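Asker: Data: start-v2.txt, compact mmCIF, C-alpha atoms.
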# COMPACT_ATOMS: atom_id res chain seq x y z
CA MET A 1 0.00 0.00 0.00
CA ALA A 2 1.18 3.48 -0.86
CA ALA A 3 -0.82 6.64 -1.46
CA GLY A 4 -4.05 4.74 -0.89
CA ARG A 5 -3.36 2.13 -3.58
CA VAL A 6 -2.01 -1.40 -3.56
CA VAL A 7 1.51 -1.39 -4.98
CA LYS A 8 4.10 -4.07 -5.54
CA GLY A 9 7.73 -3.94 -6.59
CA ILE A 10 10.73 -6.20 -6.85
CA ARG A 11 13.17 -6.21 -3.92
CA PHE A 12 11.19 -3.24 -2.54
CA ARG A 13 11.94 -1.16 -5.66
CA GLY A 14 10.10 -0.16 -8.82
CA LEU A 15 6.67 -0.06 -7.19
CA ARG A 16 3.78 -0.60 -9.60
CA ASP A 17 0.14 0.22 -8.94
CA VAL A 18 -1.80 -3.04 -8.86
CA GLY A 19 -5.20 -2.02 -7.63
CA ASP A 20 -7.70 -0.68 -5.16
CA PRO A 21 -7.19 -2.00 -1.60
CA VAL A 22 -10.89 -2.31 -0.81
CA ALA A 23 -11.67 -4.28 -3.99
CA LEU A 24 -8.58 -6.49 -3.69
CA GLY A 25 -9.19 -7.16 0.00
CA GLU A 26 -12.73 -8.27 -0.70
CA ALA A 27 -11.63 -10.43 -3.64
CA TYR A 28 -8.99 -12.21 -1.53
CA SER A 29 -11.44 -12.81 1.30
CA ALA A 30 -13.98 -14.26 -1.14
CA ALA A 31 -11.31 -16.41 -2.81
CA GLY A 32 -10.51 -18.10 0.51
CA ALA A 33 -7.49 -16.20 1.84
CA ASP A 34 -6.77 -17.19 5.45
CA GLU A 35 -5.70 -13.70 6.40
CA LEU A 36 -5.17 -10.28 4.87
CA VAL A 37 -2.01 -8.27 5.58
CA PHE A 38 -2.03 -4.62 4.72
CA LEU A 39 1.22 -2.64 5.01
CA ASP A 40 1.30 1.08 4.34
CA ILE A 41 4.92 1.20 3.17
CA GLN A 42 5.03 4.98 2.80
CA ALA A 43 3.63 5.84 6.22
CA THR A 44 6.98 5.87 8.06
CA ILE A 45 8.81 7.56 5.21
CA ASP A 46 6.20 10.28 4.95
CA GLY A 47 6.11 10.62 8.74
CA ARG A 48 2.38 9.92 8.98
CA ARG A 49 0.20 7.16 10.26
CA THR A 50 -1.60 4.46 8.31
CA LEU A 51 -4.74 5.45 6.49
CA VAL A 52 -7.26 4.64 9.19
CA GLU A 53 -10.29 5.39 7.05
CA LEU A 54 -9.10 2.99 4.37
CA VAL A 55 -8.55 0.30 7.01
CA ARG A 56 -12.13 0.83 8.14
CA ARG A 57 -13.48 0.38 4.60
CA VAL A 58 -11.43 -2.76 3.97
CA ALA A 59 -12.35 -4.28 7.36
CA GLU A 60 -16.05 -3.81 6.66
CA ARG A 61 -15.85 -6.27 3.76
CA LEU A 62 -13.79 -8.92 5.52
CA ALA A 63 -14.68 -11.95 7.63
CA ILE A 64 -11.06 -13.11 7.96
CA PRO A 65 -8.20 -11.90 10.17
CA PHE A 66 -6.76 -8.55 9.16
CA THR A 67 -3.24 -7.37 10.03
CA VAL A 68 -2.36 -3.73 9.41
CA GLY A 69 1.03 -2.09 9.64
CA GLY A 70 2.83 1.03 8.56
CA GLY A 71 3.73 4.02 10.68
CA VAL A 72 2.63 2.48 14.01
CA ARG A 73 4.65 4.33 16.65
CA SER A 74 2.53 4.26 19.79
CA TYR A 75 -0.22 2.45 21.67
CA GLN A 76 -2.63 5.12 20.42
CA ASP A 77 -1.73 4.39 16.80
CA ALA A 78 -2.30 0.67 17.38
CA GLU A 79 -5.58 1.17 19.23
CA GLU A 80 -6.86 3.40 16.43
CA LEU A 81 -6.17 0.67 13.86
CA LEU A 82 -7.84 -2.01 16.00
CA ALA A 83 -10.86 0.24 16.50
CA ALA A 84 -11.03 0.69 12.72
CA GLY A 85 -11.26 -3.08 12.27
CA ALA A 86 -7.72 -4.45 12.28
CA ASP A 87 -7.16 -7.58 14.38
CA LYS A 88 -3.42 -7.27 14.65
CA VAL A 89 -0.96 -4.44 14.18
CA GLY A 90 2.32 -4.80 12.36
CA VAL A 91 5.24 -2.86 13.79
CA ASN A 92 8.58 -2.45 12.07
CA SER A 93 10.69 0.75 12.03
CA ALA A 94 9.30 2.14 15.30
CA ALA A 95 10.13 -1.09 17.16
CA LEU A 96 13.68 -1.03 15.78
CA ALA A 97 14.06 2.55 16.94
CA ARG A 98 12.46 1.86 20.34
CA PRO A 99 12.05 -1.88 21.12
CA GLU A 100 10.08 -1.12 24.33
CA LEU A 101 7.15 -0.28 22.05
CA LEU A 102 6.55 -4.02 21.58
CA THR A 103 6.24 -4.54 25.34
CA GLU A 104 3.85 -1.61 25.69
CA LEU A 105 1.63 -2.92 22.90
CA ALA A 106 1.66 -6.53 24.10
CA GLY A 107 0.90 -5.51 27.68
CA ARG A 108 -2.33 -3.81 26.70
CA LEU A 109 -3.40 -5.57 23.51
CA GLY A 110 -2.03 -9.05 24.20
CA SER A 111 0.86 -10.59 22.25
CA GLN A 112 -1.55 -12.17 19.75
CA ALA A 113 -2.31 -8.68 18.39
CA VAL A 114 1.32 -7.63 17.97
CA VAL A 115 3.15 -8.66 14.81
CA VAL A 116 6.73 -7.58 14.35
CA ALA A 117 7.55 -7.14 10.67
CA ILE A 118 11.20 -7.80 9.90
CA ASP A 119 12.67 -6.90 6.50
CA VAL A 120 15.95 -8.64 5.80
CA GLU A 121 18.59 -8.13 3.14
CA ASP A 122 21.62 -10.38 3.11
CA GLY A 123 20.91 -11.53 6.68
CA ARG A 124 20.74 -7.98 8.05
CA VAL A 125 17.62 -6.15 9.19
CA ARG A 126 16.63 -2.98 7.34
CA SER A 127 14.09 -0.41 8.46
CA ARG A 128 11.97 2.34 6.89
CA ALA A 129 10.61 0.11 4.08
CA GLY A 130 14.09 -1.24 3.37
CA THR A 131 15.70 2.15 2.93
CA ALA A 132 17.82 2.21 6.10
CA ALA A 133 20.40 -0.19 7.54
CA THR A 134 20.08 -1.10 11.23
CA GLY A 135 23.16 -3.18 11.87
CA ARG A 136 21.02 -5.89 13.47
CA ASP A 137 21.01 -9.50 12.33
CA ALA A 138 17.67 -11.14 11.62
CA VAL A 139 17.82 -13.98 14.15
CA GLY A 140 18.98 -11.71 16.97
CA TRP A 141 16.25 -9.16 16.36
CA ALA A 142 13.58 -11.86 16.04
CA ARG A 143 14.61 -13.30 19.43
CA GLU A 144 14.61 -9.88 21.06
CA ALA A 145 11.24 -8.95 19.52
CA GLN A 146 9.73 -12.15 20.90
CA ALA A 147 11.22 -11.54 24.35
CA ARG A 148 9.75 -8.05 24.31
CA GLY A 149 6.23 -9.27 23.52
CA ALA A 150 5.78 -9.73 19.77
CA GLY A 151 3.34 -12.57 19.19
CA GLU A 152 4.10 -13.24 15.56
CA ILE A 153 6.93 -12.51 13.14
CA LEU A 154 6.30 -11.41 9.57
CA LEU A 155 9.66 -12.14 7.99
CA THR A 156 10.26 -10.61 4.58
CA SER A 157 13.33 -11.34 2.52
CA ILE A 158 14.08 -8.21 0.53
CA ASP A 159 16.39 -10.31 -1.65
CA ALA A 160 13.51 -12.61 -2.63
CA ASP A 161 10.71 -10.02 -2.66
CA GLY A 162 8.83 -9.85 -5.95
CA THR A 163 11.23 -12.25 -7.69
CA ARG A 164 8.78 -15.20 -7.74
CA ALA A 165 11.85 -17.45 -7.44
CA GLY A 166 10.86 -18.94 -4.08
CA TYR A 167 11.00 -17.87 -0.44
CA ASP A 168 14.32 -17.50 1.36
CA ILE A 169 14.02 -20.87 3.09
CA GLU A 170 17.40 -20.67 4.81
CA LEU A 171 16.58 -17.33 6.44
CA THR A 172 13.05 -18.43 7.33
CA ALA A 173 14.23 -21.70 8.88
CA ALA A 174 16.91 -19.88 10.89
CA VAL A 175 14.41 -17.40 12.35
CA ALA A 176 11.63 -19.96 12.92
CA GLY A 177 14.14 -22.21 14.66
CA ALA A 178 15.23 -19.40 16.98
CA VAL A 179 11.80 -18.34 18.26
CA ASP A 180 8.70 -19.99 19.74
CA VAL A 181 6.12 -17.61 18.22
CA PRO A 182 4.63 -18.25 14.76
CA VAL A 183 6.60 -17.03 11.75
CA ILE A 184 5.03 -15.87 8.49
CA ALA A 185 7.36 -16.34 5.52
CA SER A 186 7.23 -13.49 3.02
CA GLY A 187 8.91 -12.62 -0.25
CA GLY A 188 9.46 -14.74 -3.34
CA ALA A 189 6.30 -16.80 -3.83
CA GLY A 190 6.00 -17.87 -7.46
CA ASN A 191 4.14 -21.18 -7.34
CA ALA A 192 2.51 -23.76 -5.06
CA GLN A 193 5.75 -25.66 -4.48
CA HIS A 194 7.36 -22.48 -3.12
CA VAL A 195 4.49 -22.08 -0.69
CA ALA A 196 4.70 -25.73 0.34
CA ASP A 197 8.46 -25.33 0.94
CA ALA A 198 7.87 -22.22 3.06
CA LEU A 199 5.19 -23.99 5.10
CA GLY A 200 7.73 -26.73 5.78
CA VAL A 201 9.69 -24.30 7.97
CA ALA A 202 7.24 -21.45 8.78
CA GLN A 203 3.72 -21.45 10.21
CA ALA A 204 2.23 -19.32 7.43
CA ALA A 205 3.19 -18.01 4.01
CA LEU A 206 2.40 -14.59 2.62
CA LEU A 207 1.63 -14.09 -1.06
CA ALA A 208 1.50 -10.82 -2.94
CA SER A 209 2.79 -10.40 -6.52
CA ILE A 210 1.31 -13.55 -8.00
CA LEU A 211 -2.12 -12.82 -6.53
CA HIS A 212 -2.31 -9.14 -7.29
CA GLU A 213 -2.51 -9.69 -11.02
CA ASP A 214 -5.05 -12.48 -10.64
CA PRO A 215 -6.87 -12.89 -7.28
CA SER A 216 -8.57 -16.06 -8.54
CA ARG A 217 -5.09 -17.67 -8.56
CA LEU A 218 -5.65 -18.14 -4.83
CA GLU A 219 -8.26 -20.82 -5.44
CA SER A 220 -6.12 -22.83 -7.85
CA LEU A 221 -3.13 -22.48 -5.51
CA ARG A 222 -5.17 -24.00 -2.69
CA SER A 223 -5.98 -27.10 -4.71
CA GLU A 224 -2.39 -27.38 -5.93
CA LEU A 225 -1.23 -27.19 -2.30
CA ARG A 226 -3.67 -29.94 -1.32
CA ALA A 227 -2.25 -32.08 -4.13
CA LEU A 228 1.21 -31.49 -2.63
CA GLY A 229 -0.07 -32.84 0.69
CA VAL A 230 -0.27 -29.47 2.47
CA ARG A 231 -3.22 -29.11 4.83
CA VAL A 232 -5.22 -26.07 3.78
CA ARG A 233 -8.62 -24.91 4.87
CA MET B 1 -33.08 -10.58 17.30
CA LYS B 2 -31.56 -7.98 19.62
CA VAL B 3 -27.85 -8.47 20.27
CA ALA B 4 -25.79 -6.41 22.71
CA ILE B 5 -22.04 -6.45 22.33
CA CYS B 6 -20.12 -5.51 25.48
CA GLU B 7 -17.87 -2.60 24.61
CA TYR B 8 -15.09 -2.13 27.11
CA GLY B 9 -12.61 0.12 25.49
CA ALA B 10 -10.25 -2.47 24.10
CA GLY B 11 -10.16 -4.75 21.14
CA ASN B 12 -12.07 -5.11 17.97
CA THR B 13 -15.79 -5.22 18.69
CA ARG B 14 -16.53 -3.86 15.25
CA SER B 15 -15.94 -7.12 13.39
CA VAL B 16 -18.24 -8.94 15.83
CA ALA B 17 -20.93 -6.31 15.25
CA LEU B 18 -20.57 -6.63 11.47
CA ALA B 19 -20.83 -10.43 11.69
CA PHE B 20 -24.15 -10.25 13.54
CA GLU B 21 -25.52 -7.52 11.30
CA ARG B 22 -24.79 -9.64 8.20
CA PHE B 23 -27.58 -12.03 9.16
CA GLY B 24 -30.02 -9.39 10.25
CA SER B 25 -29.48 -9.06 14.01
CA GLU B 26 -30.34 -5.73 15.54
CA LEU B 27 -27.54 -4.32 17.69
CA VAL B 28 -28.66 -2.72 20.94
CA PRO B 29 -26.65 -1.05 23.70
CA ASP B 30 -28.44 -2.61 26.72
CA VAL B 31 -26.36 -5.63 27.76
CA PHE B 32 -28.92 -6.78 30.31
CA ALA B 33 -32.04 -6.52 28.14
CA ALA B 34 -30.82 -7.94 24.80
CA ASP B 35 -31.84 -11.41 23.55
CA LEU B 36 -28.14 -12.29 23.42
CA ALA B 37 -25.21 -10.57 25.12
CA VAL B 38 -21.84 -11.03 23.47
CA LEU B 39 -18.58 -10.64 25.35
CA PRO B 40 -15.95 -10.31 22.65
CA GLY B 41 -12.34 -10.43 23.51
CA VAL B 42 -9.07 -9.23 22.27
CA GLY B 43 -6.42 -8.01 24.63
CA SER B 44 -5.02 -8.83 28.01
CA ALA B 45 -7.14 -10.20 30.86
CA ARG B 46 -6.48 -7.50 33.44
CA THR B 47 -7.10 -4.55 31.12
CA ALA B 48 -10.27 -6.23 29.88
CA MET B 49 -11.65 -7.01 33.37
CA ASP B 50 -10.96 -3.45 34.51
CA GLY B 51 -12.80 -2.16 31.45
CA LEU B 52 -15.78 -4.48 32.04
CA ARG B 53 -16.09 -3.43 35.70
CA ALA B 54 -15.73 0.26 34.88
CA ARG B 55 -18.77 -0.03 32.62
CA GLY B 56 -20.83 -2.28 34.88
CA HIS B 57 -20.88 -5.10 32.32
CA ASP B 58 -19.71 -7.57 34.98
CA LEU B 59 -22.93 -7.07 36.96
CA ALA B 60 -25.15 -7.15 33.87
CA LEU B 61 -23.57 -10.40 32.64
CA ARG B 62 -23.85 -12.11 36.04
CA ALA B 63 -27.49 -11.03 36.29
CA ARG B 64 -28.22 -12.46 32.83
CA ILE B 65 -26.68 -15.82 33.68
CA ALA B 66 -28.55 -15.93 37.01
CA GLU B 67 -31.79 -15.53 35.01
CA GLY B 68 -30.78 -18.12 32.42
CA ARG B 69 -30.46 -15.57 29.60
CA PRO B 70 -27.81 -16.33 26.97
CA VAL B 71 -24.31 -14.92 26.93
CA LEU B 72 -21.72 -15.69 24.25
CA GLY B 73 -18.06 -15.24 25.14
CA ILE B 74 -15.53 -15.09 22.31
CA CYS B 75 -11.82 -15.87 22.82
CA LEU B 76 -10.72 -13.70 25.76
CA GLY B 77 -14.46 -13.28 26.45
CA LEU B 78 -14.64 -17.01 27.16
CA GLN B 79 -11.58 -16.82 29.41
CA LEU B 80 -12.99 -13.85 31.36
CA ALA B 81 -16.20 -15.79 31.99
CA LEU B 82 -14.25 -18.38 34.00
CA GLU B 83 -13.47 -18.03 37.70
CA GLU B 84 -9.92 -16.88 37.14
CA SER B 85 -7.15 -16.44 34.63
CA ALA B 86 -3.45 -17.09 35.11
CA GLU B 87 -2.70 -14.15 32.79
CA ASP B 88 -1.06 -10.99 34.12
CA GLY B 89 -0.02 -12.71 37.36
CA GLY B 90 -3.57 -13.90 38.11
CA VAL B 91 -6.86 -12.12 37.44
CA ASP B 92 -10.30 -12.82 38.92
CA GLY B 93 -12.80 -13.64 36.20
CA LEU B 94 -16.57 -13.15 36.04
CA GLY B 95 -17.26 -16.64 37.41
CA LEU B 96 -20.09 -17.35 34.95
CA VAL B 97 -18.59 -20.82 34.43
CA ALA B 98 -16.43 -23.05 36.64
CA GLY B 99 -12.82 -23.27 35.54
CA ARG B 100 -9.74 -21.22 34.88
CA ALA B 101 -7.70 -19.93 31.96
CA VAL B 102 -4.17 -21.31 31.82
CA ARG B 103 -1.25 -20.53 29.56
CA LEU B 104 -0.76 -22.82 26.58
CA THR B 105 2.28 -25.01 27.01
CA ARG B 106 2.49 -26.98 23.79
CA GLY B 107 3.43 -25.80 20.31
CA ARG B 108 4.08 -22.21 19.36
CA VAL B 109 2.49 -19.60 21.61
CA PRO B 110 0.50 -17.54 20.76
CA ARG B 111 -1.39 -20.27 18.95
CA ILE B 112 -2.40 -18.47 15.77
CA GLY B 113 -4.15 -19.85 12.73
CA TRP B 114 -7.00 -21.92 11.36
CA ALA B 115 -7.77 -25.27 12.93
CA THR B 116 -10.63 -27.76 12.94
CA VAL B 117 -12.56 -28.65 16.09
CA GLU B 118 -13.64 -31.95 17.51
CA ARG B 119 -17.03 -32.35 19.14
CA GLY B 120 -18.17 -35.52 20.90
CA GLY B 121 -15.15 -37.40 19.55
CA VAL B 122 -16.02 -36.46 15.96
CA ASP B 123 -13.69 -34.23 13.95
CA GLU B 124 -15.76 -31.50 12.32
CA ASP B 125 -14.68 -30.61 8.83
CA GLN B 126 -14.83 -26.86 9.36
CA ALA B 127 -11.79 -24.84 10.35
CA TYR B 128 -12.05 -21.75 12.53
CA TYR B 129 -9.53 -19.01 13.27
CA PHE B 130 -7.75 -19.09 16.63
CA ALA B 131 -5.38 -16.48 18.12
CA HIS B 132 -4.60 -17.07 21.80
CA SER B 133 -1.93 -17.69 24.43
CA TYR B 134 -4.29 -18.93 27.17
CA ALA B 135 -7.09 -21.48 27.09
CA ALA B 136 -9.88 -22.71 29.35
CA GLU B 137 -9.43 -25.56 31.77
CA THR B 138 -12.97 -26.54 32.67
CA THR B 139 -15.35 -29.47 33.06
CA ALA B 140 -17.84 -27.61 30.83
CA ALA B 141 -15.85 -28.11 27.60
CA THR B 142 -17.99 -29.19 24.62
CA ALA B 143 -15.44 -29.02 21.80
CA TRP B 144 -11.69 -29.29 21.42
CA SER B 145 -9.07 -28.26 18.89
CA GLU B 146 -5.59 -29.81 18.86
CA GLY B 147 -6.00 -30.69 22.52
CA VAL B 148 -7.17 -27.19 23.47
CA VAL B 149 -10.68 -26.35 24.72
CA ALA B 150 -12.46 -24.81 21.72
CA GLU B 151 -15.96 -24.39 23.15
CA VAL B 152 -17.60 -24.29 26.57
CA ARG B 153 -21.30 -24.57 27.37
CA SER B 154 -22.75 -24.24 30.83
CA GLY B 155 -26.33 -23.19 31.51
CA ALA B 156 -27.01 -20.05 29.51
CA PHE B 157 -23.33 -19.47 28.76
CA ILE B 158 -21.66 -20.43 25.52
CA GLY B 159 -18.02 -19.61 24.92
CA CYS B 160 -15.80 -20.24 21.93
CA GLN B 161 -12.02 -19.94 21.94
CA PHE B 162 -11.93 -19.34 18.19
CA HIS B 163 -13.10 -16.14 16.49
CA PRO B 164 -16.31 -16.92 14.55
CA GLU B 165 -16.40 -13.31 13.30
CA LYS B 166 -13.04 -13.96 11.63
CA SER B 167 -13.72 -17.49 10.42
CA GLY B 168 -15.34 -16.78 7.06
CA PRO B 169 -18.54 -18.65 6.09
CA ALA B 170 -18.00 -21.35 8.77
CA GLY B 171 -17.87 -18.69 11.48
CA ALA B 172 -20.98 -16.97 10.15
CA ARG B 173 -22.88 -20.27 10.29
CA TYR B 174 -21.68 -20.82 13.86
CA LEU B 175 -22.98 -17.42 14.99
CA GLU B 176 -26.30 -18.00 13.25
CA GLU B 177 -26.66 -21.31 15.08
CA ILE B 178 -26.01 -19.61 18.42
CA ALA B 179 -28.52 -16.91 17.54
CA SER B 180 -31.18 -19.49 16.67
CA LEU B 181 -30.54 -21.28 19.98
CA CYS B 182 -31.22 -18.03 21.82
CA LEU B 183 -34.57 -17.60 20.13
CA ALA B 184 -35.60 -21.23 20.65
Please go through the file and, once you have read it, give me the structure as structure tokens.
Answerer:
Amino acid sequence: MAAGRVVKGIRFRGLRDVGDPVALGEAYSAAGADELVFLDIQATIDGRRTLVELVRRVAERLAIPFTVGGGVRSYQDAEELLAAGADKVGVNSAALARPELLTELAGRLGSQAVVVAIDVEDGRVRSRAGTAATGRDAVGWAREAQARGAGEILLTSIDADGTRAGYDIELTAAVAGAVDVPVIASGGAGNAQHVADALGVAQAALLASILHEDPSRLESLRSELRALGVRVR
Amino acid sequence: MKVAICEYGAGNTRSVALAFERFGSELVPDVFAADLAVLPGVGSARTAMDGLRARGHDLALRARIAEGRPVLGICLGLQLALEESAEDGGVDGLGLVAGRAVRLTRGRVPRIGWATVERGGVDEDQAYYFAHSYAAETTAATAWSEGVVAEVRSGAFIGCQFHPEKSGPAGARYLEEIASLCLA
């Protein structure tokens, strides 16, 4: 999400407009998505909060879990998103800048509502939608985020993002093996086998590029996953 | 049917309201007088109990149960209905049902995701969405999911650990069934 539209790039660059968030959200929900993740990738960079009104409109059409992130810097920001219809908040740059934020959110909202989004390039964590280095390594930050209260880790490989060449299984396995909270693999999905491989090491797999151009792909992916022996709803 | 959803200043009551509205329920503010009172739940036990007490919902819910009038607890709402919760160093619950909420010890915690439930030894085909770190320990359990209490029924109280309002068509059917029970 950027400027009120759904966008997708490759390795976080070259963002293309792929559609209207309300229409796409509804289409994914109807096509059997297990969860919708909505990240306002310009919020931190622009120094503003996520588009609450848009969250409200998307949430109205959904009957599946809805995670929203982008520009969440305080309990008030998180509470506003939950009140607008989000079930979980994603926190990234603000938690890297001030890790105590995770503890504050988990203490009041419960860990199950706090997702730490971790963007990784070459094993190192980057913040501000991939534009800034942090010096932290992925496994170390994942462990700390869990200790501070994060209830779920959305792990995105910037190297794999948008490439459709498969998830970064090595990175995902390393992080999932280091924490006890669920890990969502993100970045690189190109086909059902990729998703099956990711689900071999992570608890969930996020899809973006391949669905944005054809939301109905979700239904065929589900049957392909079943054929690969993956349990899907 | 008139449904009252307990608002207590935390969590996402909006998706629960939307789920009931989708099949024609009328939402009313009076927790005591509604045909069904719903105690939704997202958040931590202590914050939630403080919020319930501050708004007098604790008294209204106890009065409903004493009169045999239905209450549905969802997720944390189920856990708050028990006598106590081990969360936040120990929190007194509403005591609508015997039992306590204890921290999950197996698998990844929080337990997040879709899972099927088992009722009377039979695995139901439908999956529902769960997101929790604590679960009920009670003799009133009526359904289970991966060894965890998924549903509790006791007198006029029904509680589900999963989120029907987030469980797609299966969740909508579940809520409609509860609603029809209340009118029966």
Asker: With distances taken over all atoms listed in the file, which residue among B:Ser25, B:Ser145, B:Asn12, B:Gln161 lies nearest chain A?
Answerer: B:Asn12
Asker: Applying 8 Å and all atoms listed in the file, which residues near Phe38 (chain A) remain after dropping the ones on its own chain fewer than 4 positions away? List them as JSON, numbers by chain.
Answerer: {"A": [1, 66, 67, 68, 69]}
Asker: I need the contact residues of chain B against chain A, so if you could list those with any atom within 8 Å, counting only C-alpha atoms, and return them as a ChimeraX atom specification, that would help.
Answerer: /B:10-15,18-19,42-44,47,107-112,114,126-127,129,131-133,165-169
Asker: Would you save the residues from that selection as an mmCIF file, keeping the file's coordinate frame, using C-alpha atoms?
Answerer:
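For reference, part.cif as written:
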data_model
loop_
_atom_site.group_PDB
_atom_site.id
_atom_site.type_symbol
_atom_site.label_atom_id
_atom_site.label_comp_id
_atom_site.auth_asym_id
_atom_site.auth_seq_id
_atom_site.Cartn_x
_atom_site.Cartn_y
_atom_site.Cartn_z
ATOM 1 C CA ALA B 10 -10.250 -2.470 24.100
ATOM 2 C CA GLY B 11 -10.160 -4.750 21.140
ATOM 3 C CA ASN B 12 -12.070 -5.110 17.970
ATOM 4 C CA THR B 13 -15.790 -5.220 18.690
ATOM 5 C CA ARG B 14 -16.530 -3.860 15.250
ATOM 6 C CA SER B 15 -15.940 -7.120 13.390
ATOM 7 C CA LEU B 18 -20.570 -6.630 11.470
ATOM 8 C CA ALA B 19 -20.830 -10.430 11.690
ATOM 9 C CA VAL B 42 -9.070 -9.230 22.270
ATOM 10 C CA GLY B 43 -6.420 -8.010 24.630
ATOM 11 C CA SER B 44 -5.020 -8.830 28.010
ATOM 12 C CA THR B 47 -7.100 -4.550 31.120
ATOM 13 C CA GLY B 107 3.430 -25.800 20.310
ATOM 14 C CA ARG B 108 4.080 -22.210 19.360
ATOM 15 C CA VAL B 109 2.490 -19.600 21.610
ATOM 16 C CA PRO B 110 0.500 -17.540 20.760
ATOM 17 C CA ARG B 111 -1.390 -20.270 18.950
ATOM 18 C CA ILE B 112 -2.400 -18.470 15.770
ATOM 19 C CA TRP B 114 -7.000 -21.920 11.360
ATOM 20 C CA GLN B 126 -14.830 -26.860 9.360
ATOM 21 C CA ALA B 127 -11.790 -24.840 10.350
ATOM 22 C CA TYR B 129 -9.530 -19.010 13.270
ATOM 23 C CA ALA B 131 -5.380 -16.480 18.120
ATOM 24 C CA HIS B 132 -4.600 -17.070 21.800
ATOM 25 C CA SER B 133 -1.930 -17.690 24.430
ATOM 26 C CA GLU B 165 -16.400 -13.310 13.300
ATOM 27 C CA LYS B 166 -13.040 -13.960 11.630
ATOM 28 C CA SER B 167 -13.720 -17.490 10.420
ATOM 29 C CA GLY B 168 -15.340 -16.780 7.060
ATOM 30 C CA PRO B 169 -18.540 -18.650 6.090
#
Asker: Excluding Gly200 (chain A) and its own-chain neighbours fewer than 6 positions away, which residues fall within 12 Å of it when counting all atoms listed in the file? Please give them as a ChimeraX atom specification.
Answerer: /A:167,169-170,172-173,176-177,183-185,193-194,228-231
Asker: Show which residues sit within 12 Å of Glu67 (chain B), as an NGL selection string. Count all atoms listed in the file, and ignore same-chain residues fewer than 2 positions away.
Answerer: :B and (32-33 or 60-65 or 69-71 or 96 or 155-157)
Asker: Tell me which protein, DNA and RNA residues are within 12 Å of Ala132 (chain A), counting all atoms listed in the file, leaving out same-chain ones fewer than 5 positions away, and put them as a ChimeraX atom specification.
Answerer: /A:44-45,92-93,96-97,119-121,124-127
Asker: Tell me which protein, DNA and RNA residues are within 12 Å of region 46-48 of chain A, counting only C-alpha atoms, leaving out same-chain ones fewer than 6 positions away, and put them as a PyMOL selection string.
Answerer: chain A and resi 2-3+40+70-73+77+93-94+128-129
Asker: Using all atoms listed in the file, find the one residue out of B:Val16, B:Leu94, B:Leu72, B:Val117 that sits nearest to Val148 (chain B).
Answerer: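 Residue with the minimum atom-to-atom distance to Val148 (chain B): B:Val117.
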Asker: As lines of an AutoDock Vina configuration file, please: the centre and edge lengths in Å, to one decimal, of an axis-aligned box enclosing every listed atom of region 54-65 of chain B with 6 Å added on each side.
Answerer:
center_x = -22.0
center_y = -7.8
center_z = 34.6
size_x = 24.5
size_y = 28.1
size_z = 16.6
Asker: How many Å separate CA of Ala45 (chain B) from CA of Val37 (chain A)?
Answerer: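 Spanning CA of Ala45 (chain B) to CA of Val37 (chain A) is a straight-line distance of 25.9 Å.
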Asker: Expressed in Å to a single decimal, how great is the separation between CA of His163 (chain B) and CA of Val38 (chain B)?
Answerer: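 Between CA of His163 (chain B) and CA of Val38 (chain B) the gap works out to 12.3 Å.
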Asker: What separation in Å, quoted to one decimal, exists between CA of Ile118 (chain A) and CA of Gly4 (chain A)?
Answerer: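 Between these atoms lies a distance of 22.5 Å.
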Asker: Counting only C-alpha atoms, which residue out of B:Ala66, B:Ala179, B:Ala170, B:Val97 sits closest to Arg153 (chain B)?
Answerer: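 The shortest atom-to-atom distance to Arg153 (chain B) comes from B:Val97.
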Asker: For Phe162 (chain B), which residue out of B:Glu118, B:Ile74, B:Ala86, B:Ala37 is the nearest one, using all atoms listed in the file?
Answerer: B:Ile74
Asker: Please output region 125-132 of chain B, rebuilt to include N, CA and C atoms, as a short mmCIF file (atom, residue, chain, number, x, y, z; two decimals), keeping the file's coordinate frame.
Answerer:
data_model
loop_
_atom_site.label_atom_id
_atom_site.label_comp_id
_atom_site.auth_asym_id
_atom_site.auth_seq_id
_atom_site.Cartn_x
_atom_site.Cartn_y
_atom_site.Cartn_z
N ASP B 125 -15.44 -30.94 10.03
CA ASP B 125 -14.68 -30.61 8.83
C ASP B 125 -14.25 -29.15 8.79
N GLN B 126 -15.03 -28.30 9.46
CA GLN B 126 -14.83 -26.86 9.36
C GLN B 126 -13.63 -26.39 10.17
N ALA B 127 -12.87 -25.47 9.60
CA ALA B 127 -11.79 -24.84 10.35
C ALA B 127 -12.25 -23.46 10.81
N TYR B 128 -11.76 -23.07 11.97
CA TYR B 128 -12.05 -21.75 12.53
C TYR B 128 -10.71 -21.09 12.86
N TYR B 129 -10.76 -19.76 13.00
CA TYR B 129 -9.53 -19.01 13.27
C TYR B 129 -9.31 -18.82 14.77
N PHE B 130 -8.14 -19.23 15.22
CA PHE B 130 -7.75 -19.09 16.63
C PHE B 130 -6.58 -18.11 16.74
N ALA B 131 -6.53 -17.35 17.82
CA ALA B 131 -5.38 -16.48 18.12
C ALA B 131 -5.33 -16.29 19.62
N HIS B 132 -4.58 -17.15 20.33
CA HIS B 132 -4.60 -17.07 21.80
C HIS B 132 -3.34 -17.66 22.43
#
